[in-house]
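input-v9.txt (compact mmCIF, C-alpha atoms and all ligand atoms)
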```
# COMPACT_ATOMS: atom_id res chain seq x y z
CA MET A 189 23.56 294.27 59.26
CA ASN A 190 21.09 291.69 57.90
CA LYS A 191 20.45 288.82 60.25
CA PRO A 192 20.68 285.20 59.15
CA ASP A 193 17.40 283.27 58.91
CA LEU A 194 18.99 279.95 59.90
CA ILE A 195 22.17 278.81 61.61
CA ILE A 196 23.56 275.27 61.34
CA ARG A 197 26.41 274.52 63.67
CA SER A 198 28.56 271.59 64.65
CA ARG A 199 31.87 270.65 66.23
CA ARG A 200 32.98 269.37 62.81
CA VAL A 201 32.28 271.78 59.94
CA VAL A 202 34.17 270.98 56.74
CA THR A 203 35.45 273.98 54.80
CA PRO A 204 38.08 273.92 52.04
CA GLU A 205 40.66 274.96 54.64
CA THR A 206 39.84 272.88 57.69
CA VAL A 207 37.50 270.71 59.76
CA ALA A 208 36.63 272.68 62.91
CA PRO A 209 33.82 273.85 65.19
CA ALA A 210 31.83 276.57 63.43
CA SER A 211 28.38 277.95 62.78
CA VAL A 212 27.10 278.37 59.25
CA HIS A 213 24.92 281.48 58.94
CA ILE A 214 22.38 281.25 56.14
CA ARG A 215 20.35 284.07 54.66
CA GLY A 216 18.03 283.66 51.68
CA GLY A 217 19.51 280.24 50.90
CA ILE A 218 23.06 281.59 50.70
CA ILE A 219 25.91 281.19 53.18
CA ALA A 220 26.15 284.67 54.68
CA ALA A 221 28.90 283.96 57.21
CA LEU A 222 30.97 281.24 58.82
CA GLY A 223 31.07 282.17 62.47
CA GLU A 224 32.58 280.82 65.65
CA TRP A 225 30.74 277.84 67.08
CA HIS A 226 29.16 279.93 69.87
CA ASP A 227 28.15 282.70 67.48
CA ALA A 228 24.44 281.80 67.42
CA PRO A 229 22.16 284.60 68.64
CA GLU A 230 19.17 283.28 70.57
CA GLN A 231 16.41 284.68 68.37
CA ILE A 232 17.71 282.98 65.18
CA PRO A 233 16.52 279.44 64.35
CA LEU A 234 19.37 277.06 65.12
CA VAL A 235 20.10 273.51 63.98
CA ASP A 236 22.74 272.20 66.37
CA ALA A 237 24.26 269.14 64.73
CA GLY A 238 26.35 268.37 67.81
CA ASP A 239 29.34 266.25 66.83
CA ALA A 240 27.90 265.23 63.46
CA VAL A 241 29.81 266.44 60.41
CA VAL A 242 28.43 269.48 58.58
CA MET A 243 29.76 269.53 55.05
CA PRO A 244 28.90 270.76 51.56
CA GLY A 245 26.39 268.68 49.64
CA LEU A 246 27.84 266.43 46.98
CA VAL A 247 27.77 267.47 43.33
CA ASP A 248 27.23 264.35 41.26
CA ALA A 249 28.25 265.33 37.75
CA HIS A 250 27.35 261.99 36.16
CA VAL A 251 23.75 260.85 36.51
CA HIS A 252 21.48 259.29 33.88
CA VAL A 253 17.96 260.37 34.78
CA ASN A 254 16.43 258.91 31.57
CA GLU A 255 13.31 261.07 31.63
CA PRO A 256 11.55 261.70 29.27
CA GLY A 257 11.36 258.55 27.19
CA ARG A 258 12.79 255.91 29.51
CA THR A 259 11.20 257.06 32.75
CA ASP A 260 10.62 253.44 33.74
CA TRP A 261 14.44 253.24 34.09
CA GLU A 262 14.70 256.40 36.20
CA GLY A 263 12.94 259.74 36.50
CA PHE A 264 13.51 263.14 38.08
CA THR A 265 11.27 262.48 41.08
CA THR A 266 12.99 259.27 42.15
CA ALA A 267 16.52 260.28 41.11
CA THR A 268 16.45 263.53 43.05
CA ARG A 269 14.93 261.84 46.13
CA ALA A 270 17.73 259.27 46.01
CA ALA A 271 20.19 262.14 45.65
CA ALA A 272 18.79 263.95 48.70
CA ALA A 273 18.87 260.77 50.79
CA GLY A 274 22.47 260.23 49.68
CA GLY A 275 23.74 263.72 50.49
CA VAL A 276 23.85 264.85 46.86
CA THR A 277 22.49 268.40 46.55
CA THR A 278 23.25 268.94 42.87
CA LEU A 279 23.20 266.39 40.09
CA VAL A 280 24.13 266.89 36.47
CA ASP A 281 22.04 264.85 34.07
CA MET A 282 23.61 263.01 31.16
CA PRO A 283 22.31 263.73 27.64
CA LEU A 284 21.50 260.14 26.71
CA ASN A 285 19.10 257.33 27.55
CA SER A 286 16.26 259.84 27.66
CA ILE A 287 14.25 260.17 24.46
CA PRO A 288 14.89 262.55 22.86
CA PRO A 289 18.55 262.85 23.83
CA THR A 290 19.89 266.30 24.74
CA THR A 291 21.63 266.87 21.41
CA THR A 292 19.43 269.69 20.04
CA PRO A 293 17.79 272.74 21.65
CA ASP A 294 14.39 271.11 21.08
CA GLY A 295 15.51 267.94 22.86
CA PHE A 296 16.82 270.06 25.71
CA ALA A 297 13.49 271.92 25.94
CA GLU A 298 11.69 268.57 26.33
CA LYS A 299 14.13 267.55 29.03
CA ILE A 300 13.56 270.81 30.93
CA ALA A 301 9.79 270.42 30.65
CA ALA A 302 10.04 266.87 31.99
CA ALA A 303 12.17 267.92 34.98
CA ARG A 304 10.30 271.03 36.02
CA GLY A 305 8.48 270.85 39.36
CA LYS A 306 9.82 267.38 40.24
CA CYS A 307 13.22 267.97 41.76
CA ALA A 308 14.15 267.57 45.41
CA VAL A 309 17.71 268.78 44.68
CA ASP A 310 19.23 271.12 42.11
CA VAL A 311 19.70 269.71 38.63
CA ALA A 312 21.99 270.82 35.81
CA PHE A 313 22.36 269.26 32.38
CA TRP A 314 25.02 268.09 29.96
CA GLY A 315 24.38 268.29 26.22
CA GLY A 316 25.63 265.72 23.73
CA VAL A 317 28.05 265.71 20.80
CA ILE A 318 26.96 263.29 18.09
CA PRO A 319 28.00 263.11 14.42
CA GLY A 320 26.74 266.16 12.57
CA ASN A 321 25.39 268.28 15.46
CA THR A 322 28.24 270.82 15.66
CA ARG A 323 25.87 273.64 14.76
CA GLU A 324 23.63 272.75 17.72
CA LEU A 325 26.39 273.21 20.30
CA GLU A 326 26.29 276.98 20.64
CA PRO A 327 22.47 277.18 20.92
CA LEU A 328 22.54 274.33 23.47
CA LEU A 329 25.12 276.21 25.50
CA ASN A 330 23.05 279.39 25.29
CA ALA A 331 20.05 277.39 26.50
CA GLY A 332 21.99 276.36 29.60
CA VAL A 333 23.78 273.03 29.21
CA ARG A 334 27.04 272.92 31.23
CA GLY A 335 29.13 271.20 28.55
CA PHE A 336 28.94 268.16 26.28
CA LYS A 337 29.31 264.39 26.43
CA CYS A 338 30.32 262.09 23.60
CA PHE A 339 31.03 258.39 23.09
CA LEU A 340 33.87 256.85 21.11
CA ILE A 341 32.04 253.52 20.95
CA HIS A 342 28.39 252.44 20.67
CA SER A 343 26.60 254.18 23.53
CA GLY A 344 24.11 251.39 24.17
CA VAL A 345 21.23 253.37 22.65
CA ASP A 346 20.83 254.00 18.93
CA GLU A 347 19.53 257.57 19.20
CA PHE A 348 22.88 258.71 20.65
CA PRO A 349 25.44 257.61 18.02
CA HIS A 350 29.14 257.69 18.82
CA VAL A 351 31.71 259.96 17.19
CA THR A 352 34.86 259.17 15.27
CA GLU A 353 38.12 261.08 15.26
CA SER A 354 36.99 263.02 12.18
CA ASN A 355 33.72 264.03 13.90
CA LEU A 356 35.79 265.24 16.84
CA ARG A 357 38.06 267.26 14.58
CA GLU A 358 34.94 269.15 13.57
CA ALA A 359 33.33 269.49 17.03
CA MET A 360 36.35 270.15 19.24
CA PRO A 361 37.52 273.43 17.62
CA GLU A 362 33.95 274.67 18.05
CA LEU A 363 34.01 273.63 21.74
CA ALA A 364 37.37 275.40 22.14
CA ARG A 365 35.91 278.55 20.56
CA LEU A 366 32.95 278.34 22.96
CA ASN A 367 35.28 277.60 25.91
CA SER A 368 33.15 274.59 26.76
CA VAL A 369 34.16 271.13 27.92
CA LEU A 370 33.90 267.74 26.20
CA LEU A 371 33.17 264.74 28.42
CA VAL A 372 34.35 261.56 26.75
CA HIS A 373 33.36 257.94 27.19
CA ALA A 374 36.86 256.72 26.40
CA GLU A 375 36.70 253.23 24.92
CA LEU A 376 37.67 252.60 21.28
CA PRO A 377 35.87 249.86 19.33
CA GLU A 378 38.79 248.04 17.71
CA PRO A 379 40.33 246.28 20.74
CA ILE A 380 36.83 245.28 21.82
CA GLU A 381 35.99 243.87 18.39
CA ASN A 382 39.26 241.91 18.41
CA ALA A 383 38.59 240.58 21.89
CA ALA A 384 35.12 239.39 20.85
CA LYS A 385 36.64 237.13 18.18
CA GLU A 386 38.72 235.35 20.79
CA LEU A 387 35.86 234.91 23.26
CA LYS A 388 33.49 232.94 21.04
CA GLN A 389 34.03 229.76 23.08
CA SER A 390 33.86 231.46 26.50
CA SER A 391 30.83 231.41 28.77
CA PRO A 392 28.96 234.74 28.79
CA LYS A 393 28.07 234.08 32.44
CA ASP A 394 31.67 234.29 33.60
CA TYR A 395 32.74 237.70 34.81
CA GLN A 396 36.18 236.96 33.34
CA THR A 397 34.62 236.68 29.89
CA PHE A 398 33.06 240.11 30.25
CA LEU A 399 36.28 241.59 31.63
CA LYS A 400 38.25 240.26 28.67
CA SER A 401 35.58 241.56 26.28
CA ARG A 402 36.32 245.15 27.39
CA PRO A 403 40.14 245.09 27.48
CA ARG A 404 42.25 247.85 28.98
CA ALA A 405 43.69 248.53 25.52
CA SER A 406 40.37 249.97 24.47
CA GLU A 407 40.52 252.59 27.20
CA ASN A 408 44.25 253.13 26.87
CA GLU A 409 44.03 253.90 23.15
CA ALA A 410 40.97 256.11 23.59
CA VAL A 411 42.66 258.19 26.29
CA ALA A 412 45.78 258.54 24.13
CA LEU A 413 43.61 259.78 21.25
CA MET A 414 41.84 262.30 23.48
CA ILE A 415 45.13 263.62 24.85
CA ARG A 416 46.32 264.15 21.28
CA LEU A 417 43.13 265.93 20.26
CA CYS A 418 43.15 268.00 23.44
CA ARG A 419 46.67 269.17 22.64
CA GLU A 420 45.83 269.93 19.01
CA THR A 421 42.46 271.64 19.40
CA LYS A 422 42.94 273.19 22.87
CA ALA A 423 39.41 272.09 23.74
CA ARG A 424 38.92 271.14 27.38
CA VAL A 425 38.57 267.38 27.74
CA HIS A 426 37.18 265.37 30.65
CA ILE A 427 37.51 261.58 30.78
CA VAL A 428 34.41 260.05 32.36
CA HIS A 429 34.28 256.89 34.49
CA HIS A 430 37.95 256.06 34.09
CA SER A 431 38.85 252.45 34.92
CA SER A 432 42.12 251.30 33.32
CA SER A 433 45.15 252.03 35.50
CA ASP A 434 47.54 251.31 32.60
CA VAL A 435 47.01 254.73 31.16
CA LEU A 436 47.43 256.71 34.40
CA PRO A 437 51.08 257.58 33.64
CA LEU A 438 50.01 259.05 30.30
CA LEU A 439 47.29 261.08 32.00
CA GLU A 440 49.75 262.26 34.60
CA ALA A 441 52.17 263.39 31.88
CA ALA A 442 49.37 265.22 30.06
CA ARG A 443 48.46 267.03 33.28
CA ARG A 444 52.09 267.95 33.84
CA GLU A 445 52.24 269.30 30.30
CA GLY A 446 49.42 271.65 31.32
CA LEU A 447 46.76 270.30 28.96
CA PRO A 448 43.19 271.26 29.94
CA LEU A 449 42.30 267.71 30.92
CA THR A 450 40.39 266.31 33.91
CA VAL A 451 39.48 262.77 34.93
CA GLU A 452 36.73 261.15 36.98
CA THR A 453 36.27 257.67 38.36
CA CYS A 454 33.32 256.07 40.14
CA PRO A 455 32.55 254.36 43.46
CA HIS A 456 32.19 250.93 41.81
CA TYR A 457 35.74 251.02 40.41
CA LEU A 458 36.99 252.06 43.85
CA THR A 459 34.94 249.52 45.82
CA PHE A 460 34.63 246.26 43.91
CA ALA A 461 37.22 243.99 42.31
CA ALA A 462 36.85 241.64 39.36
CA GLU A 463 38.15 238.74 41.47
CA GLU A 464 35.14 239.07 43.79
CA ILE A 465 32.28 239.48 41.31
CA PRO A 466 30.19 236.32 41.11
CA ASP A 467 29.51 234.78 37.72
CA GLY A 468 26.10 235.78 36.39
CA ALA A 469 25.92 238.84 38.67
CA THR A 470 25.06 241.25 35.87
CA HIS A 471 24.11 244.06 38.26
CA PHE A 472 27.90 244.58 38.43
CA LYS A 473 28.09 245.15 34.68
CA CYS A 474 29.18 248.57 33.54
CA CYS A 475 31.41 249.83 30.73
CA PRO A 476 34.32 250.11 31.09
CA PRO A 477 34.23 247.22 33.55
CA VAL A 478 35.22 246.94 37.17
CA ARG A 479 38.78 245.59 36.86
CA GLU A 480 41.17 243.72 39.14
CA ARG A 481 42.00 244.54 42.76
CA GLU A 482 45.46 245.74 41.76
CA ASN A 483 43.84 248.15 39.26
CA ARG A 484 41.52 249.48 41.96
CA GLU A 485 44.40 250.34 44.28
CA LYS A 486 46.14 252.25 41.49
CA LEU A 487 42.99 254.32 40.97
CA TRP A 488 43.08 255.25 44.66
CA ALA A 489 46.73 256.25 44.32
CA ALA A 490 45.84 258.38 41.28
CA LEU A 491 43.21 260.21 43.32
CA ALA A 492 45.76 260.83 46.01
CA ASP A 493 48.34 262.26 43.60
CA GLY A 494 45.80 264.35 41.66
CA THR A 495 45.90 262.43 38.36
CA ILE A 496 42.20 261.66 38.92
CA ASP A 497 40.25 264.71 40.03
CA MET A 498 36.90 263.46 41.22
CA ILE A 499 34.45 260.70 42.06
CA VAL A 500 30.94 260.69 40.56
CA SER A 501 28.31 257.99 40.57
CA ASP A 502 27.60 257.27 36.87
CA HIS A 503 24.18 256.24 38.14
CA SER A 504 22.81 254.42 35.10
CA PRO A 505 19.91 252.17 36.03
CA CYS A 506 17.50 250.20 33.88
CA THR A 507 14.47 248.00 34.44
CA PRO A 508 15.46 244.67 36.05
CA ASN A 509 14.51 242.56 33.02
CA LEU A 510 17.27 244.23 30.97
CA LYS A 511 19.87 242.93 33.42
CA LEU A 512 19.02 239.35 32.33
CA LEU A 513 19.62 237.93 35.79
CA GLU A 514 17.90 234.63 34.87
CA THR A 515 20.51 233.81 32.26
CA GLY A 516 23.30 235.89 33.82
CA ASP A 517 24.56 236.77 30.37
CA PHE A 518 27.12 239.52 30.87
CA LEU A 519 27.57 240.14 27.17
CA GLU A 520 23.87 240.77 26.47
CA ALA A 521 22.80 242.49 29.73
CA TRP A 522 22.42 246.27 29.96
CA GLY A 523 25.61 247.90 31.21
CA GLY A 524 25.05 250.39 34.00
CA ILE A 525 25.17 250.52 37.77
CA ALA A 526 22.53 252.06 40.03
CA ALA A 527 24.20 253.73 43.00
CA LEU A 528 23.35 257.43 43.26
CA GLN A 529 22.12 257.20 46.85
CA PHE A 530 25.13 255.19 48.05
CA SER A 531 28.09 256.98 46.47
CA LEU A 532 28.86 258.93 49.61
CA PRO A 533 28.84 256.05 52.14
CA ALA A 534 30.46 253.64 49.65
CA ILE A 535 33.37 256.01 49.13
CA TRP A 536 33.57 257.04 52.78
CA THR A 537 33.80 253.36 53.74
CA GLN A 538 36.73 252.79 51.38
CA LEU A 539 38.42 256.14 51.77
CA GLN A 540 38.82 255.92 55.52
CA ARG A 541 40.49 252.52 55.26
CA ARG A 542 43.11 254.12 53.04
CA GLY A 543 43.89 256.95 55.42
CA PHE A 544 42.02 259.80 53.72
CA GLY A 545 39.57 262.11 55.48
CA LEU A 546 36.67 264.51 55.16
CA ARG A 547 38.58 267.16 53.24
CA GLU A 548 39.56 264.70 50.51
CA LEU A 549 35.95 263.47 50.46
CA THR A 550 34.53 266.94 49.83
CA ARG A 551 37.29 267.86 47.39
CA TRP A 552 36.68 264.74 45.26
CA MET A 553 32.89 264.62 45.52
CA SER A 554 31.80 268.26 45.92
CA ALA A 555 34.38 270.85 44.86
CA ALA A 556 35.95 269.16 41.82
CA PRO A 557 32.68 268.08 40.14
CA ALA A 558 31.20 271.55 40.80
CA LYS A 559 34.16 273.06 38.99
CA LEU A 560 33.82 270.66 36.06
CA ALA A 561 30.20 271.73 35.58
CA GLY A 562 31.08 275.42 35.91
CA LEU A 563 29.12 275.67 39.15
CA ASP A 564 32.03 276.35 41.51
CA LYS A 565 31.07 279.96 42.22
CA ARG A 566 27.95 278.73 44.06
CA LYS A 567 28.31 274.97 44.67
CA GLY A 568 30.71 272.44 46.14
CA ARG A 569 32.04 274.16 49.27
CA LEU A 570 31.01 275.87 52.47
CA ALA A 571 32.10 279.46 51.86
CA ILE A 572 30.54 282.90 52.04
CA GLY A 573 28.39 283.60 48.99
CA CYS A 574 27.90 279.92 48.09
CA ASP A 575 24.50 278.22 48.12
CA ALA A 576 23.70 276.73 51.53
CA ASP A 577 23.73 273.15 50.21
CA ILE A 578 24.57 271.28 53.37
CA VAL A 579 24.72 267.68 54.55
CA ILE A 580 24.66 266.59 58.17
CA PHE A 581 26.61 263.35 58.17
CA GLN A 582 27.37 260.75 60.85
CA PRO A 583 30.71 259.35 59.68
CA GLU A 584 31.04 256.75 62.43
CA ASN A 585 27.57 255.19 62.03
CA GLU A 586 26.90 252.21 59.79
CA PHE A 587 23.88 250.88 57.90
CA LYS A 588 22.97 248.00 55.65
CA VAL A 589 21.79 248.54 52.07
CA VAL A 590 18.34 246.93 51.97
CA PRO A 591 15.62 247.44 49.33
CA GLU A 592 13.29 249.33 51.74
CA ILE A 593 15.68 252.28 52.00
CA ILE A 594 16.43 252.59 48.29
CA GLU A 595 14.84 255.70 46.79
CA PHE A 596 15.92 255.30 43.16
CA LYS A 597 13.34 253.67 40.94
CA ASN A 598 14.84 250.26 40.19
CA LYS A 599 16.29 248.67 43.29
CA LEU A 600 18.84 246.35 41.70
CA THR A 601 22.27 247.52 42.84
CA PRO A 602 25.63 245.84 43.49
CA TYR A 603 25.66 247.53 46.92
CA ALA A 604 22.68 245.43 48.07
CA GLY A 605 23.35 243.73 51.40
CA MET A 606 26.54 245.64 52.08
CA ASP A 607 27.27 247.28 55.41
CA LEU A 608 28.36 250.83 54.66
CA ARG A 609 29.89 253.40 56.91
CA GLY A 610 28.58 256.98 57.04
CA VAL A 611 24.94 257.92 57.48
CA VAL A 612 23.34 260.99 55.92
CA GLU A 613 21.22 262.45 58.68
CA ALA A 614 19.87 265.53 56.93
CA THR A 615 20.22 267.34 53.62
CA TYR A 616 19.61 271.04 52.95
CA VAL A 617 19.27 272.55 49.50
CA ARG A 618 19.85 276.30 49.49
CA GLY A 619 18.95 276.44 53.17
CA THR A 620 15.76 274.36 52.87
CA LYS A 621 15.70 270.99 54.59
CA VAL A 622 14.72 268.37 52.04
CA TYR A 623 15.59 265.15 53.87
CA GLU A 624 16.03 264.02 57.46
CA ASN A 625 16.42 260.47 58.83
CA GLY A 626 14.47 258.70 56.10
CA GLU A 627 11.78 261.37 55.78
CA PHE A 628 11.35 263.90 52.99
CA SER A 629 9.96 267.41 53.28
CA ALA A 630 6.80 268.15 51.32
CA GLU A 631 8.66 270.95 49.58
CA LEU A 632 10.67 270.35 46.42
CA PRO A 633 13.38 273.01 46.69
CA GLY A 634 15.39 271.81 43.67
CA VAL A 635 15.79 274.20 40.76
CA LEU A 636 17.04 273.64 37.24
CA LEU A 637 20.46 275.25 36.84
CA THR A 638 20.27 276.52 33.29
CA LYS A 639 21.97 279.88 33.91
ZN ZN B 1 27.32 257.25 32.17
```
Since I need it in another form, could you write the structure as structure tokens?
Amino acid sequence: MNKPDLIIRSRRVVTPETVAPASVHIRGGIIAALGEWHDAPEQIPLVDAGDAVVMPGLVDAHVHVNEPGRTDWEGFTTATRAAAAGGVTTLVDMPLNSIPPTTTPDGFAEKIAAARGKCAVDVAFWGGVIPGNTRELEPLLNAGVRGFKCFLIHSGVDEFPHVTESNLREAMPELARLNSVLLVHAELPEPIENAAKELKQSSPKDYQTFLKSRPRASENEAVALMIRLCRETKARVHIVHHSSSDVLPLLEAARREGLPLTVETCPHYLTFAAEEIPDGATHFKCCPPVRERENREKLWAALADGTIDMIVSDHSPCTPNLKLLETGDFLEAWGGIAALQFSLPAIWTQLQRRGFGLRELTRWMSAAPAKLAGLDKRKGRLAIGCDADIVIFQPENEFKVVPEIIEFKNKLTPYAGMDLRGVVEATYVRGTKVYENGEFSAELPGVLLTK
């Protein structure tokens, strides 16, 4: 029998079935066996994590890397270092904010060229659906994108235009034929345009003004539209960064009906509350917005009952000037929250308070996003045959978010100054240690997952 080349063991190893003492046997970057805790032959290199938690690396299926084209916002080097430091072993890059966007095979080739040789963790890619690119979808899929993202409202950048219902009626049958998945930014323009008319006299510095400018109706109507189109076209639909709790009953009914529909939400919707966001604090701006406390608790309940499947960062940074902190103008500032490195501790901090544990954590942040991206045969769980993407995590330790520890490029984040629970001690990508206690290995073990 072939011997493992590394064993990682602990008193708390998280598998899909249980949290228990075990030893993870790794050979050639793959999990070869899950043995008893004492099953660690002397001659094999051993990492004994003691009582620390050994769990699968997170799969963050919603990250805007922005390279090439807007690398001053974020790039592959900094994003994947932040991922490694945050216990994320696979990230899936969004098709927009980079220039060119990933909406054609040529654009995808430029993206791949920009990412190659820079990645500390594994990286996969979403393509984009924009008006008129239906013919590009099959070649993009053949080139290795994991599925497609679209917007129902202005995306924030002009080179990634949003789609209308009639565009979707063209693209979605093609996606159904290809058995691919459509990720949807679910806000419709009309309620937002109507709200804008009523807010002309309101101060753009007030968080309440911003909140009212992105009303729940916009999300509610968009989700209803996507449920309808999902039912009609049979294309798989995934709602990204869901915020409005009003529409959870509709989503629940659609799931019960058996529609191929999944939903994600993000750490900021599960951590912050509109009532607590200071006026002018535009680093809290994202679309859809962080809503009220009562909304936040309903999102947690929807995770618990399975209406929401997963938690991903929607890491979407920009240069600090675009956040307009001097004027604090919520309506003009760039919408996007930088958080990739802190998703795990932010969620762990909140999740524990609500009585959930490590198995929910790995289900919501590793297994479910891996499945969405079609990576579940090799990512998202500690099981024989899966990649040895492993995080050693100290769930009882705490740390403060200070600029010196932030690895992503632009340090402005709403988590600044917060005390978070759960420290990532070490991160392994396919059996190679990439991060330990603030230090990075010289190696860059990340590969581009285009197959
Ligand atoms: Zn996003």
Please give me, as a PyMOL selection string, the residues lying within 8 Å of ligand ZN 1 (chain B) when counting all atoms listed in the file. chain A and resi 250-252+282+373+428-429+502-504+524
Counting all atoms listed in the file, the option among A:Asp517, A:Glu584, A:Asp227, A:Asp260 closest to Ser390 (chain A):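 Nearest candidate to Ser390 (chain A) out of A:Asp517, A:Glu584, A:Asp227, A:Asp260: A:Asp517.
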Tell me, as JSON, numbers by chain, which residues lie within 12 Å of Lys565 (chain A), counting only C-alpha atoms; anything in the same chain fewer than 4 positions away does not count. {"A": [218, 555, 556, 558, 559, 560, 561, 569, 570, 571, 572, 573, 574, 575]}
Among the residues A:Leu512, A:Ile380, A:Leu438, A:Val617, the one that comes closest to His342 (chain A) [using only C-alpha atoms]: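 Among A:Leu512, A:Ile380, A:Leu438, A:Val617, it is A:Ile380 that comes nearest to His342 (chain A).
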10 Å contact set for Thr495 (chain A), all atoms listed in the file, chain neighbours under 3 positions out, as a ChimeraX atom specification: /A:436-444,449-452,487-492,498
What is the distance between CA of Gly626 (chain A) and CA of Glu613 (chain A), in Å to one decimal?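 These atoms are spaced 8.1 Å apart.
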Rounded to one decimal in Å, what is the spacing between CA of Lys306 (chain A) and CA of Ala272 (chain A)?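 Atom-to-atom, CA of Lys306 (chain A) to CA of Ala272 (chain A), that is 12.8 Å.
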Determine, counting all atoms listed in the file, which protein, DNA and RNA residues have an atom within 6 Å of an atom of Ala423 (chain A); residues of the same chain fewer than 3 positions away are not included. Present the result as a list in words.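 Near Ala423 (chain A), the qualifying residues are Met360, Leu363, Ala364 and Cys418 of chain A.
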